[in-house]
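Novice: Input target_30.pdb, format and content: PDB, C-alpha atoms (C1' of nucleotides).
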```
ATOM      1  CA  MET A 131       0.000   0.000   0.000
ATOM      2  CA  ILE A 132       2.631   2.463   0.968
ATOM      3  CA  HIS A 133       5.365   1.651  -1.438
ATOM      4  CA  ALA A 134       6.380  -1.316  -3.540
ATOM      5  CA  ASP A 135       9.566  -2.966  -2.431
ATOM      6  CA  ALA A 136      12.336  -2.798  -4.957
ATOM      7  CA  THR A 137      13.342  -6.315  -4.019
ATOM      8  CA  ASP A 138       9.992  -7.661  -5.165
ATOM      9  CA  ALA A 139      11.223  -7.661  -8.768
ATOM     10  CA  PRO A 140      14.579  -9.391  -8.608
ATOM     11  CA  ASP A 141      14.389 -10.648 -12.169
ATOM     12  CA  PRO A 142      14.533  -8.034 -14.916
ATOM     13  CA  GLY A 143      13.786 -10.994 -17.150
ATOM     14  CA  PRO A 144      14.601 -11.391 -20.812
ATOM     15  CA  ARG A 145      14.057  -8.249 -22.810
ATOM     16  CA  ARG A 146      13.747  -8.352 -26.550
ATOM     17  CA  THR A 147      14.686  -5.529 -28.850
ATOM     18  CA  THR A 148      11.619  -4.555 -30.809
ATOM     19  CA  LYS A 149      10.810  -1.722 -33.178
ATOM     20  CA  GLN A 150       8.134  -0.503 -30.813
ATOM     21  CA  ARG A 151      10.286  -0.302 -27.736
ATOM     22  CA  GLU A 152      13.013   1.443 -29.729
ATOM     23  CA  ALA A 153      10.437   3.843 -31.124
ATOM     24  CA  VAL A 154       9.235   4.687 -27.634
ATOM     25  CA  ARG A 155      12.794   5.141 -26.468
ATOM     26  CA  ALA A 156      13.464   7.485 -29.392
ATOM     27  CA  ALA A 157      10.252   9.447 -28.920
ATOM     28  CA  LEU A 158      11.032   9.870 -25.251
ATOM     29  CA  ALA A 159      14.564  10.985 -26.005
ATOM     30  CA  SER A 160      13.278  13.634 -28.383
ATOM     31  CA  SER A 161      11.452  15.400 -25.575
ATOM     32  CA  GLU A 162      13.267  17.669 -23.194
ATOM     33  CA  GLU A 163      10.359  17.677 -20.806
ATOM     34  CA  PHE A 164       8.460  15.155 -18.783
ATOM     35  CA  VAL A 165       5.676  13.668 -20.872
ATOM     36  CA  SER A 166       2.744  11.439 -20.070
ATOM     37  CA  ALA A 167       2.307   8.023 -21.647
ATOM     38  CA  GLN A 168      -0.814   9.237 -23.413
ATOM     39  CA  ALA A 169       0.895  12.314 -24.814
ATOM     40  CA  LEU A 170       3.819  10.261 -26.025
ATOM     41  CA  HIS A 171       1.460   7.789 -27.643
ATOM     42  CA  GLN A 172      -0.407  10.555 -29.416
ATOM     43  CA  SER A 173       2.711  12.212 -30.751
ATOM     44  CA  MET A 174       3.985   8.865 -31.983
ATOM     45  CA  ARG A 175       0.730   8.184 -33.823
ATOM     46  CA  GLN A 176       0.803  11.644 -35.344
ATOM     47  CA  ALA A 177       4.333  10.896 -36.488
ATOM     48  CA  GLY A 178       2.994   7.897 -38.374
ATOM     49  CA  SER A 179       3.589   5.104 -35.904
ATOM     50  CA  THR A 180       0.892   2.497 -35.336
ATOM     51  CA  VAL A 181       2.083   1.607 -31.874
ATOM     52  CA  GLY A 182      -0.614   0.764 -29.339
ATOM     53  CA  LEU A 183      -1.255   2.657 -26.158
ATOM     54  CA  ALA A 184      -0.732  -0.384 -23.973
ATOM     55  CA  THR A 185       2.630  -0.935 -25.614
ATOM     56  CA  VAL A 186       3.703   2.597 -24.804
ATOM     57  CA  TYR A 187       2.725   2.050 -21.188
ATOM     58  CA  ARG A 188       4.623  -1.228 -21.083
ATOM     59  CA  ALA A 189       7.694   0.220 -22.788
ATOM     60  CA  LEU A 190       7.818   3.192 -20.442
ATOM     61  CA  ALA A 191       7.496   0.898 -17.446
ATOM     62  CA  THR A 192      10.436  -1.221 -18.565
ATOM     63  CA  LEU A 193      12.521   1.833 -19.428
ATOM     64  CA  ALA A 194      11.908   3.259 -15.984
ATOM     65  CA  GLU A 195      12.670  -0.118 -14.440
ATOM     66  CA  ASP A 196      15.934  -0.338 -16.345
ATOM     67  CA  GLY A 197      16.920   3.137 -15.205
ATOM     68  CA  GLU A 198      16.750   4.629 -18.676
ATOM     69  CA  ALA A 199      13.914   6.935 -17.770
ATOM     70  CA  ASP A 200      12.749   8.816 -14.717
ATOM     71  CA  ALA A 201       9.145   8.762 -13.660
ATOM     72  CA  LEU A 202       7.200  11.133 -11.487
ATOM     73  CA  GLN A 203       3.551  11.571 -10.599
ATOM     74  CA  SER A 204       1.941  14.884 -11.307
ATOM     75  CA  GLY A 205      -1.689  15.820 -11.502
ATOM     76  CA  GLY A 206      -2.839  12.239 -11.250
ATOM     77  CA  GLU A 207      -0.822  10.926 -14.160
ATOM     78  CA  ALA A 208       2.624   9.428 -14.530
ATOM     79  CA  LEU A 209       5.188  11.485 -16.404
ATOM     80  CA  TYR A 210       8.360  10.107 -17.938
ATOM     81  CA  ARG A 211      11.576  11.562 -19.205
ATOM     82  CA  ALA A 212      14.748  10.109 -20.665
ATOM     83  CA  CYS A 213      17.512  10.794 -18.207
ATOM     84  CA  SER A 214      21.123  10.208 -17.388
ATOM     85  CA  PRO A 215      21.717   6.850 -15.761
ATOM     86  CA  SER A 216      23.314   8.201 -12.604
ATOM     87  CA  HIS A 217      21.273   9.071  -9.569
ATOM     88  CA  HIS A 218      19.999  12.622  -9.646
ATOM     89  CA  HIS A 219      17.079  14.865  -8.857
ATOM     90  CA  HIS A 220      15.033  17.383 -10.813
ATOM     91  CA  LEU A 221      14.201  21.040 -10.933
ATOM     92  CA  ILE A 222      11.005  21.295 -12.952
ATOM     93  CA  CYS A 223       9.120  24.265 -14.337
ATOM     94  CA  ARG A 224       5.516  23.839 -13.358
ATOM     95  CA  ARG A 225       4.378  25.877 -16.343
ATOM     96  CA  CYS A 226       6.305  24.524 -19.306
ATOM     97  CA  GLY A 227       7.816  21.366 -17.870
ATOM     98  CA  ARG A 228      11.390  22.351 -18.635
ATOM     99  CA  THR A 229      13.641  20.230 -16.479
ATOM    100  CA  VAL A 230      17.114  20.566 -15.033
ATOM    101  CA  GLU A 231      18.878  17.543 -13.636
ATOM    102  CA  LEU A 232      20.496  18.101 -10.261
ATOM    103  CA  GLU A 233      23.306  16.395  -8.450
ATOM    104  CA  ALA A 234      23.291  16.830  -4.715
ATOM    105  CA  ALA A 235      25.699  14.699  -2.794
ATOM    106  CA  ALA A 236      24.894  16.639   0.354
ATOM    107  CA  VAL A 237      21.228  15.720   0.091
ATOM    108  CA  GLU A 238      22.069  12.072  -0.524
ATOM    109  CA  ARG A 239      24.196  12.062   2.602
ATOM    110  CA  TRP A 240      21.542  13.820   4.617
ATOM    111  CA  ALA A 241      18.871  11.328   3.560
ATOM    112  CA  GLY A 242      21.027   8.366   4.456
ATOM    113  CA  GLN A 243      21.970   9.783   7.818
ATOM    114  CA  VAL A 244      18.436  10.743   8.776
ATOM    115  CA  ALA A 245      17.139   7.299   7.836
ATOM    116  CA  ALA A 246      19.877   5.566   9.800
ATOM    117  CA  ALA A 247      19.337   7.811  12.812
ATOM    118  CA  HIS A 248      15.743   6.579  12.996
ATOM    119  CA  GLY A 249      16.647   2.938  12.476
ATOM    120  CA  PHE A 250      15.407   2.785   8.895
ATOM    121  CA  VAL A 251      17.222   0.617   6.389
ATOM    122  CA  GLU A 252      17.227   0.477   2.600
ATOM    123  CA  PRO A 253      16.571   4.181   2.270
ATOM    124  CA  GLU A 254      15.340   5.636  -0.991
ATOM    125  CA  HIS A 255      14.374   9.221  -1.381
ATOM    126  CA  VAL A 256      12.270  11.442  -3.555
ATOM    127  CA  VAL A 257      13.612  14.943  -3.997
ATOM    128  CA  ASP A 258      12.170  17.223  -6.634
ATOM    129  CA  ILE A 259      11.908  20.977  -6.830
ATOM    130  CA  PHE A 260       9.097  22.678  -8.725
ATOM    131  CA  GLY A 261       9.140  26.298  -9.709
ATOM    132  CA  VAL A 262       8.548  28.682 -12.572
ATOM    133  CA  CYS A 263      11.476  29.016 -14.936
ATOM    134  CA  ALA A 264      12.859  32.364 -16.035
ATOM    135  CA  SER A 265      11.187  32.415 -19.450
ATOM    136  CA  CYS A 266       7.797  31.471 -18.069
ATOM    137  CA  ALA A 267       8.187  34.028 -15.312
ATOM    138  CA  VAL A 268       8.654  36.938 -17.717
ATOM    139  CA  ALA A 269       5.742  35.711 -19.863
ATOM    140  CA  ARG A 270       3.271  36.817 -17.198
TER     141      ARG A 270
ATOM    142  CA  MET B  31      -0.172  19.092 -17.139
ATOM    143  CA  ILE B  32       3.002  19.343 -15.169
ATOM    144  CA  HIS B  33       1.838  20.807 -11.949
ATOM    145  CA  ALA B  34      -1.114  22.882 -10.817
ATOM    146  CA  ASP B  35      -0.192  26.376  -9.862
ATOM    147  CA  ALA B  36      -0.835  27.242  -6.263
ATOM    148  CA  THR B  37      -1.978  30.676  -7.328
ATOM    149  CA  ASP B  38      -4.816  29.172  -9.345
ATOM    150  CA  ALA B  39      -6.901  28.851  -6.179
ATOM    151  CA  PRO B  40      -6.637  32.274  -4.589
ATOM    152  CA  ASP B  41      -9.905  31.991  -2.685
ATOM    153  CA  PRO B  42     -10.058  29.349   0.053
ATOM    154  CA  GLY B  43     -13.689  30.371   0.191
ATOM    155  CA  PRO B  44     -16.072  30.049   3.092
ATOM    156  CA  ARG B  45     -15.793  26.778   4.920
ATOM    157  CA  ARG B  46     -18.605  25.476   7.075
ATOM    158  CA  THR B  47     -18.123  23.323  10.141
ATOM    159  CA  THR B  48     -19.981  20.077   9.589
ATOM    160  CA  LYS B  49     -20.184  16.793  11.455
ATOM    161  CA  GLN B  50     -18.734  14.969   8.455
ATOM    162  CA  ARG B  51     -15.690  17.113   8.041
ATOM    163  CA  GLU B  52     -15.015  16.920  11.768
ATOM    164  CA  ALA B  53     -15.441  13.167  11.647
ATOM    165  CA  VAL B  54     -12.927  12.896   8.836
ATOM    166  CA  ARG B  55     -10.522  15.143  10.691
ATOM    167  CA  ALA B  56     -10.879  12.966  13.787
ATOM    168  CA  ALA B  57     -10.503   9.711  11.873
ATOM    169  CA  LEU B  58      -7.412  11.025  10.179
ATOM    170  CA  ALA B  59      -5.954  12.180  13.487
ATOM    171  CA  SER B  60      -6.427   8.717  14.954
ATOM    172  CA  SER B  61      -4.061   7.216  12.430
ATOM    173  CA  GLU B  62      -0.329   7.454  12.874
ATOM    174  CA  GLU B  63       0.273   6.406   9.307
ATOM    175  CA  PHE B  64      -0.564   7.692   5.876
ATOM    176  CA  VAL B  65      -3.959   6.371   4.824
ATOM    177  CA  SER B  66      -5.852   6.397   1.567
ATOM    178  CA  ALA B  67      -9.216   8.074   1.197
ATOM    179  CA  GLN B  68     -10.818   4.703   0.538
ATOM    180  CA  ALA B  69      -9.258   3.108   3.620
ATOM    181  CA  LEU B  70     -10.314   6.027   5.784
ATOM    182  CA  HIS B  71     -13.836   5.825   4.431
ATOM    183  CA  GLN B  72     -14.026   2.107   5.134
ATOM    184  CA  SER B  73     -12.802   2.448   8.704
ATOM    185  CA  MET B  74     -15.273   5.245   9.308
ATOM    186  CA  ARG B  75     -18.148   3.129   8.017
ATOM    187  CA  GLN B  76     -17.046   0.202  10.155
ATOM    188  CA  ALA B  77     -17.043   2.572  13.104
ATOM    189  CA  GLY B  78     -20.693   3.301  12.436
ATOM    190  CA  SER B  79     -20.485   6.452  10.375
ATOM    191  CA  THR B  80     -22.661   6.813   7.305
ATOM    192  CA  VAL B  81     -20.374   9.295   5.634
ATOM    193  CA  GLY B  82     -20.127   9.061   1.862
ATOM    194  CA  LEU B  83     -16.975   8.296  -0.047
ATOM    195  CA  ALA B  84     -17.158  11.507  -2.045
ATOM    196  CA  THR B  85     -17.397  13.463   1.182
ATOM    197  CA  VAL B  86     -14.245  11.840   2.517
ATOM    198  CA  TYR B  87     -12.440  12.780  -0.670
ATOM    199  CA  ARG B  88     -13.701  16.339  -0.441
ATOM    200  CA  ALA B  89     -12.855  16.668   3.237
ATOM    201  CA  LEU B  90      -9.344  15.345   2.727
ATOM    202  CA  ALA B  91      -8.821  17.727  -0.156
ATOM    203  CA  THR B  92      -9.834  20.726   1.931
ATOM    204  CA  LEU B  93      -7.781  19.571   4.910
ATOM    205  CA  ALA B  94      -4.730  19.255   2.693
ATOM    206  CA  GLU B  95      -5.485  22.628   1.149
ATOM    207  CA  ASP B  96      -5.749  24.224   4.587
ATOM    208  CA  GLY B  97      -2.468  22.699   5.642
ATOM    209  CA  GLU B  98      -3.998  20.432   8.255
ATOM    210  CA  ALA B  99      -2.966  17.291   6.433
ATOM    211  CA  ASP B 100      -0.116  16.183   4.254
ATOM    212  CA  ALA B 101      -0.729  14.332   1.045
ATOM    213  CA  LEU B 102       1.537  12.133  -0.972
ATOM    214  CA  GLN B 103       1.108   9.831  -3.935
ATOM    215  CA  SER B 104       2.094   6.228  -3.586
ATOM    216  CA  GLY B 105       1.214   3.255  -5.697
ATOM    217  CA  GLY B 106      -1.212   5.229  -7.803
ATOM    218  CA  GLU B 107      -3.319   6.479  -4.920
ATOM    219  CA  ALA B 108      -3.287   9.556  -2.741
ATOM    220  CA  LEU B 109      -2.397   9.061   0.906
ATOM    221  CA  TYR B 110      -3.146  11.516   3.685
ATOM    222  CA  ARG B 111      -1.964  12.058   7.199
ATOM    223  CA  ALA B 112      -2.713  14.610   9.878
ATOM    224  CA  CYS B 113       0.418  16.622  10.420
ATOM    225  CA  SER B 114       1.946  19.531  12.241
ATOM    226  CA  PRO B 115       1.192  22.840  10.545
ATOM    227  CA  SER B 116       4.802  23.865  10.022
ATOM    228  CA  HIS B 117       6.667  22.914   6.918
ATOM    229  CA  HIS B 118       8.372  19.530   7.183
ATOM    230  CA  HIS B 119       9.206  16.352   5.330
ATOM    231  CA  HIS B 120       8.682  12.655   5.988
ATOM    232  CA  LEU B 121      10.571   9.478   6.626
ATOM    233  CA  ILE B 122       8.154   6.682   5.790
ATOM    234  CA  CYS B 123       8.331   2.946   6.305
ATOM    235  CA  ARG B 124       7.427   1.333   3.030
ATOM    236  CA  ARG B 125       6.205  -1.782   4.824
ATOM    237  CA  CYS B 126       4.013  -0.552   7.655
ATOM    238  CA  GLY B 127       3.621   3.110   6.778
ATOM    239  CA  ARG B 128       5.013   4.368  10.077
ATOM    240  CA  THR B 129       6.031   7.966   9.585
ATOM    241  CA  VAL B 130       8.526  10.332  11.166
ATOM    242  CA  GLU B 131       8.262  14.043  10.538
ATOM    243  CA  LEU B 132      11.522  15.706   9.640
ATOM    244  CA  GLU B 133      12.763  19.243   9.848
ATOM    245  CA  ALA B 134      15.602  20.092   7.535
ATOM    246  CA  ALA B 135      16.477  23.713   7.308
ATOM    247  CA  ALA B 136      19.574  22.818   5.311
ATOM    248  CA  VAL B 137      17.494  21.143   2.644
ATOM    249  CA  GLU B 138      15.110  24.084   2.490
ATOM    250  CA  ARG B 139      18.020  26.400   1.956
ATOM    251  CA  TRP B 140      19.557  24.118  -0.649
ATOM    252  CA  ALA B 141      16.295  23.913  -2.610
ATOM    253  CA  GLY B 142      15.865  27.660  -2.636
ATOM    254  CA  GLN B 143      19.422  28.286  -3.715
ATOM    255  CA  VAL B 144      19.377  25.704  -6.488
ATOM    256  CA  ALA B 145      16.117  27.075  -7.847
ATOM    257  CA  ALA B 146      17.414  30.636  -7.786
ATOM    258  CA  ALA B 147      20.687  29.631  -9.407
ATOM    259  CA  HIS B 148      18.721  28.348 -12.390
ATOM    260  CA  GLY B 149      16.427  31.350 -12.578
ATOM    261  CA  PHE B 150      13.418  29.574 -11.171
ATOM    262  CA  VAL B 151      10.999  31.470  -8.965
ATOM    263  CA  GLU B 152       8.280  30.389  -6.537
ATOM    264  CA  PRO B 153      10.109  27.213  -5.609
ATOM    265  CA  GLU B 154       8.293  24.373  -3.897
ATOM    266  CA  HIS B 155       9.877  21.082  -3.166
ATOM    267  CA  VAL B 156       8.993  17.494  -2.528
ATOM    268  CA  VAL B 157      11.352  15.691  -0.208
ATOM    269  CA  ASP B 158      10.422  12.320   1.231
ATOM    270  CA  ILE B 159      12.517   9.400   2.349
ATOM    271  CA  PHE B 160      11.237   5.842   2.164
ATOM    272  CA  GLY B 161      12.822   2.950   3.965
ATOM    273  CA  VAL B 162      12.083  -0.030   6.165
ATOM    274  CA  CYS B 163      11.722   0.803   9.821
ATOM    275  CA  ALA B 164      13.548  -1.096  12.564
ATOM    276  CA  SER B 165      10.593  -3.246  13.638
ATOM    277  CA  CYS B 166       9.735  -4.239  10.082
ATOM    278  CA  ALA B 167      13.379  -4.967   9.361
ATOM    279  CA  VAL B 168      13.664  -7.513  12.183
ATOM    280  CA  ALA B 169      10.356  -9.111  11.146
ATOM    281  CA  ARG B 170      11.951 -10.594   8.079
TER     282      ARG B 170
ATOM    283  C1'  DC C 243     -37.382  30.806  12.865
ATOM    284  C1'  DC C 244     -35.923  32.046   7.682
ATOM    285  C1'  DG C 245     -33.439  31.905   3.953
ATOM    286  C1'  DC C 246     -29.260  31.799   1.473
ATOM    287  C1'  DT C 247     -25.636  28.691   0.306
ATOM    288  C1'  DG C 248     -22.302  25.583   1.218
ATOM    289  C1'  DT C 249     -22.447  20.563   1.967
ATOM    290  C1'  DT C 250     -23.794  15.804   1.593
ATOM    291  C1'  DG C 251     -24.744  10.999  -0.222
ATOM    292  C1'  DA C 252     -25.704   7.870  -3.945
ATOM    293  C1'  DG C 253     -24.649   6.633  -8.101
ATOM    294  C1'  DA C 254     -23.133   7.663 -12.614
ATOM    295  C1'  DA C 255     -19.318   9.284 -15.152
ATOM    296  C1'  DC C 256     -14.551   9.796 -16.082
ATOM    297  C1'  DG C 257      -9.728   9.165 -17.171
ATOM    298  C1'  DA C 258      -5.504   6.774 -16.459
ATOM    299  C1'  DT C 259      -3.748   2.394 -16.309
ATOM    300  C1'  DT C 260      -3.736  -2.665 -16.611
ATOM    301  C1'  DG C 261      -5.486  -7.193 -18.055
ATOM    302  C1'  DT C 262      -6.877 -10.460 -21.813
ATOM    303  C1'  DC C 263      -5.886 -13.048 -25.759
ATOM    304  C1'  DA C 264      -5.030 -14.313 -30.385
ATOM    305  C1'  DA C 265      -1.717 -12.907 -33.898
ATOM    306  C1'  DT C 266       2.954 -11.661 -34.642
ATOM    307  C1'  DC C 267       7.844 -11.212 -34.421
ATOM    308  C1'  DG C 268      12.708 -11.643 -32.229
ATOM    309  C1'  DC C 269      16.083 -14.663 -31.928
ATOM    310  C1'  DA C 270      18.551 -18.873 -30.796
ATOM    311  C1'  DT C 271      19.018 -23.176 -32.797
ATOM    312  C1'  DG C 272      19.475 -26.904 -36.099
TER     313       DG C 272
ATOM    314  C1'  DC D  65      18.104 -20.322 -44.256
ATOM    315  C1'  DA D  66      14.078 -22.770 -42.150
ATOM    316  C1'  DT D  67      11.916 -23.759 -37.598
ATOM    317  C1'  DG D  68       9.963 -23.238 -33.071
ATOM    318  C1'  DC D  69       9.484 -21.334 -28.607
ATOM    319  C1'  DG D  70       8.014 -17.708 -26.125
ATOM    320  C1'  DA D  71       8.225 -12.782 -25.431
ATOM    321  C1'  DT D  72       5.723  -8.883 -27.421
ATOM    322  C1'  DT D  73       2.091  -6.515 -29.621
ATOM    323  C1'  DG D  74      -2.454  -4.236 -30.539
ATOM    324  C1'  DA D  75      -7.317  -3.805 -29.969
ATOM    325  C1'  DC D  76     -10.501  -3.832 -26.565
ATOM    326  C1'  DA D  77     -12.522  -4.814 -22.231
ATOM    327  C1'  DA D  78     -12.027  -4.326 -17.470
ATOM    328  C1'  DT D  79     -10.457  -2.144 -13.264
ATOM    329  C1'  DC D  80      -9.536   1.297 -10.087
ATOM    330  C1'  DG D  81      -9.132   5.713  -7.922
ATOM    331  C1'  DT D  82     -11.256   9.939  -8.175
ATOM    332  C1'  DT D  83     -14.571  13.489  -9.589
ATOM    333  C1'  DC D  84     -19.106  15.010 -11.180
ATOM    334  C1'  DT D  85     -24.178  15.521 -10.870
ATOM    335  C1'  DC D  86     -28.112  16.674  -8.534
ATOM    336  C1'  DA D  87     -31.744  16.689  -5.346
ATOM    337  C1'  DA D  88     -32.139  16.726  -0.335
ATOM    338  C1'  DC D  89     -30.111  18.712   3.704
ATOM    339  C1'  DA D  90     -27.985  21.614   7.246
ATOM    340  C1'  DG D  91     -24.758  25.597   8.984
ATOM    341  C1'  DC D  92     -25.221  30.135  10.340
ATOM    342  C1'  DG D  93     -26.117  35.230   9.994
ATOM    343  C1'  DG D  94     -30.086  37.953  10.414
TER     344       DG D  94
END
```
Could the structure of this file be written out as structure tokens, please?
Specialist:
Amino acid sequence: MIHADATDAPDPGPRRTTKQREAVRAALASSEEFVSAQALHQSMRQAGSTVGLATVYRALATLAEDGEADALQSGGEALYRACSPSHHHHLICRRCGRTVELEAAAVERWAGQVAAAHGFVEPEHVVDIFGVCASCAVAR
Amino acid sequence: MIHADATDAPDPGPRRTTKQREAVRAALASSEEFVSAQALHQSMRQAGSTVGLATVYRALATLAEDGEADALQSGGEALYRACSPSHHHHLICRRCGRTVELEAAAVERWAGQVAAAHGFVEPEHVVDIFGVCASCAVAR
DNA sequence: CCGCTGTTGAGAACGATTGTCAATCGCATG
DNA sequence: CATGCGATTGACAATCGTTCTCAACAGCGG
């Protein structure tokens, strides 16, 4: 209920290379911002693809699982974005979705220490900053 | 799509004191952990209340809006918890849901500075740590 | 006590996501 | 290169959390 355990999926399983998954990967890579599965599906269809919605959902799930994409929940829907493989956080414009990847060793350390201090193990953390980027700010 | 703007709801509006909203507030206060609207509704019904599900949703939304409850998304559903009015973050057990409120002035400062450094204004941040608490860890 | 409104409960409606299942395709193998 | 197993796909139905609708109801200021 609270949170799925990462150890519940020990087996990434076989993973075939298909046109569809590659197409989703490419479409995702072509977007600088976080996009929803539905939006990605629509833009792929408009670009001539015949990929199915369910396939887009499945592909995004596996990409996120494999660490090739970051996922976040916003406004009741899941948003995805191609991202660098190393651990990082995000600074996201809540108007246009423009995203900056952040490294923050100090925050990592803090999270680990706080968890340990309270007897918690296997700490994971969610750290995202939302704001209005410079260009959106002037456009008001 | 990305994130609702806090300034979109400038008017908290009048807010009447009703038995139902008080009941929801009380039910929420009686839980140490984050609970879903559905779970809260069920426990209230089992306790003899005849409150409607929609009302629970509405009450939780207003409580969160008024800063009397914290909300977070987990596993595709919204979870709520009565919380102290001051700004804080959470350390949450992903097995039992036990929650510790955290103060972290350093993180607040960091978030503000990072946002400013990238030209972002009106920064808000989401910082939560998930882990397995001591008692759940030994129970394995 | 009245009346104006915000609120409620039941159920329908909704939208995002996932499940189902037969057809298809990747890929290792012979 | 032909073959076969099984993962993957696409269309569609189903599910699930949440919100909407609307008539009945209940705070609360006067």
Novice: Can you tell me which residues surround DA264 in chain C at a distance of at most 12 Å, considering all atoms listed in the file, apart from same-chain residues fewer than 4 positions away, and format the answer as an mmCIF file with C-alpha atoms (C1' of nucleotides), keeping the file's coordinate frame?
Specialist:
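The new file part.cif reads:
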```cif
data_model
loop_
_atom_site.group_PDB
_atom_site.id
_atom_site.type_symbol
_atom_site.label_atom_id
_atom_site.label_comp_id
_atom_site.auth_asym_id
_atom_site.auth_seq_id
_atom_site.Cartn_x
_atom_site.Cartn_y
_atom_site.Cartn_z
ATOM 1 C "C1'" DT D 73 2.091 -6.515 -29.621
ATOM 2 C "C1'" DG D 74 -2.454 -4.236 -30.539
ATOM 3 C "C1'" DA D 75 -7.317 -3.805 -29.969
#
```
Novice: Calculate how many Å separate CA of Arg270 in chain A from CA of Glu163 in chain A, rounding to one decimal.
Specialist: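 Answer for the CA of Arg270 in chain A to CA of Glu163 in chain A separation: 20.7 Å.
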Novice: Given the file above and the PyMOL selection byres ((chain C and resi 249) around 9), which residues are selected, and can you give them as a PDB file with C-alpha atoms (C1' of nucleotides), in the frame of the given file?
Specialist:
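Full text of selection-v1.pdb as output:
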```pdb
ATOM      1  CA  ARG B  46     -18.605  25.476   7.075  1.00  0.00           C
ATOM      2  CA  THR B  48     -19.981  20.077   9.589  1.00  0.00           C
ATOM      3  CA  THR B  85     -17.397  13.463   1.182  1.00  0.00           C
TER       4      THR B  85
ATOM      5  C1'  DT C 247     -25.636  28.691   0.306  1.00  0.00           C
ATOM      6  C1'  DG C 248     -22.302  25.583   1.218  1.00  0.00           C
ATOM      7  C1'  DT C 250     -23.794  15.804   1.593  1.00  0.00           C
TER       8       DT C 250
ATOM      9  C1'  DC D  89     -30.111  18.712   3.704  1.00  0.00           C
ATOM     10  C1'  DA D  90     -27.985  21.614   7.246  1.00  0.00           C
ATOM     11  C1'  DG D  91     -24.758  25.597   8.984  1.00  0.00           C
TER      12       DG D  91
END
```
Novice: Please evaluate the PyMOL selection byres ((chain A and resi 164) around 6) against the displayed coordinates and give the resulting residues as a list in words.
Specialist: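 Selected by the PyMOL selection byres ((chain A and resi 164) around 6) here: Glu163, Val165, Leu209, Tyr210 and Arg211 of chain A.
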Novice: Specify as a list in words each residue included when the PyMOL selection byres ((chain A) within 9 of (chain D)) is applied to this file.
Specialist: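 On this input, the PyMOL selection byres ((chain A) within 9 of (chain D)) captures Pro144, Arg145, Arg146, Thr148, Gln150, Thr180, Val181, Gly182, Leu183, Ala184 and Thr185 of chain A.
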Novice: Kindly indicate which residue among C:DG251, C:DG257, C:DC267, C:DC246 lies nearest to Lys149 in chain A, using only C-alpha atoms (C1' of nucleotides) for the distances.
Specialist: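 So, comparing all the options, the nearest one is C:DC267.
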Novice: Can you check which parts of chain A lie within 10 Å of chain C? Per residue, the shortest pair of atoms and distance in Å to one decimal, counting all atoms listed in the file, sorted by chain and number, as CSV.
Specialist:
```
residue,atom,partner,partner_atom,distance
A:Arg146,CA,C:DG268,C1',6.6
A:Thr147,CA,C:DG268,C1',7.3
A:Thr148,CA,C:DG268,C1',7.3
A:Ala167,CA,C:DA258,C1',9.5
A:Gln168,CA,C:DA258,C1',8.7
A:Ala184,CA,C:DT260,C1',8.3
A:Tyr187,CA,C:DT259,C1',8.1
A:Arg188,CA,C:DT260,C1',9.6
A:Gly206,CA,C:DA258,C1',8.0
A:Glu207,CA,C:DA258,C1',6.7
A:Ala208,CA,C:DA258,C1',8.8
```
Novice: Near range 139-155 of chain B, within 10 Å and counting only C-alpha atoms (C1' of nucleotides), which residues show up once chain neighbours fewer than 2 positions away are dropped, as JSON, numbers by chain?
Specialist: {"A": [220, 221, 222, 223, 224, 230, 232, 234, 236, 237, 256, 257, 258, 259, 260, 261, 262, 263, 264, 265, 266, 267], "B": [35, 36, 119, 134, 135, 136, 137, 157, 158]}
Novice: Write the residues of the preceding selection, restricted to C-alpha atoms, as an mmCIF file, keeping the file's coordinate frame.
Specialist:
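And here is the file that came out, result_31.cif:
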```
data_model
loop_
_atom_site.group_PDB
_atom_site.id
_atom_site.type_symbol
_atom_site.label_atom_id
_atom_site.label_comp_id
_atom_site.auth_asym_id
_atom_site.auth_seq_id
_atom_site.Cartn_x
_atom_site.Cartn_y
_atom_site.Cartn_z
ATOM 1 C CA HIS A 220 15.033 17.383 -10.813
ATOM 2 C CA LEU A 221 14.201 21.040 -10.933
ATOM 3 C CA ILE A 222 11.005 21.295 -12.952
ATOM 4 C CA CYS A 223 9.120 24.265 -14.337
ATOM 5 C CA ARG A 224 5.516 23.839 -13.358
ATOM 6 C CA VAL A 230 17.114 20.566 -15.033
ATOM 7 C CA LEU A 232 20.496 18.101 -10.261
ATOM 8 C CA ALA A 234 23.291 16.830 -4.715
ATOM 9 C CA ALA A 236 24.894 16.639 0.354
ATOM 10 C CA VAL A 237 21.228 15.720 0.091
ATOM 11 C CA VAL A 256 12.270 11.442 -3.555
ATOM 12 C CA VAL A 257 13.612 14.943 -3.997
ATOM 13 C CA ASP A 258 12.170 17.223 -6.634
ATOM 14 C CA ILE A 259 11.908 20.977 -6.830
ATOM 15 C CA PHE A 260 9.097 22.678 -8.725
ATOM 16 C CA GLY A 261 9.140 26.298 -9.709
ATOM 17 C CA VAL A 262 8.548 28.682 -12.572
ATOM 18 C CA CYS A 263 11.476 29.016 -14.936
ATOM 19 C CA ALA A 264 12.859 32.364 -16.035
ATOM 20 C CA SER A 265 11.187 32.415 -19.450
ATOM 21 C CA CYS A 266 7.797 31.471 -18.069
ATOM 22 C CA ALA A 267 8.187 34.028 -15.312
ATOM 23 C CA ASP B 35 -0.192 26.376 -9.862
ATOM 24 C CA ALA B 36 -0.835 27.242 -6.263
ATOM 25 C CA HIS B 119 9.206 16.352 5.330
ATOM 26 C CA ALA B 134 15.602 20.092 7.535
ATOM 27 C CA ALA B 135 16.477 23.713 7.308
ATOM 28 C CA ALA B 136 19.574 22.818 5.311
ATOM 29 C CA VAL B 137 17.494 21.143 2.644
ATOM 30 C CA VAL B 157 11.352 15.691 -0.208
ATOM 31 C CA ASP B 158 10.422 12.320 1.231
#
```
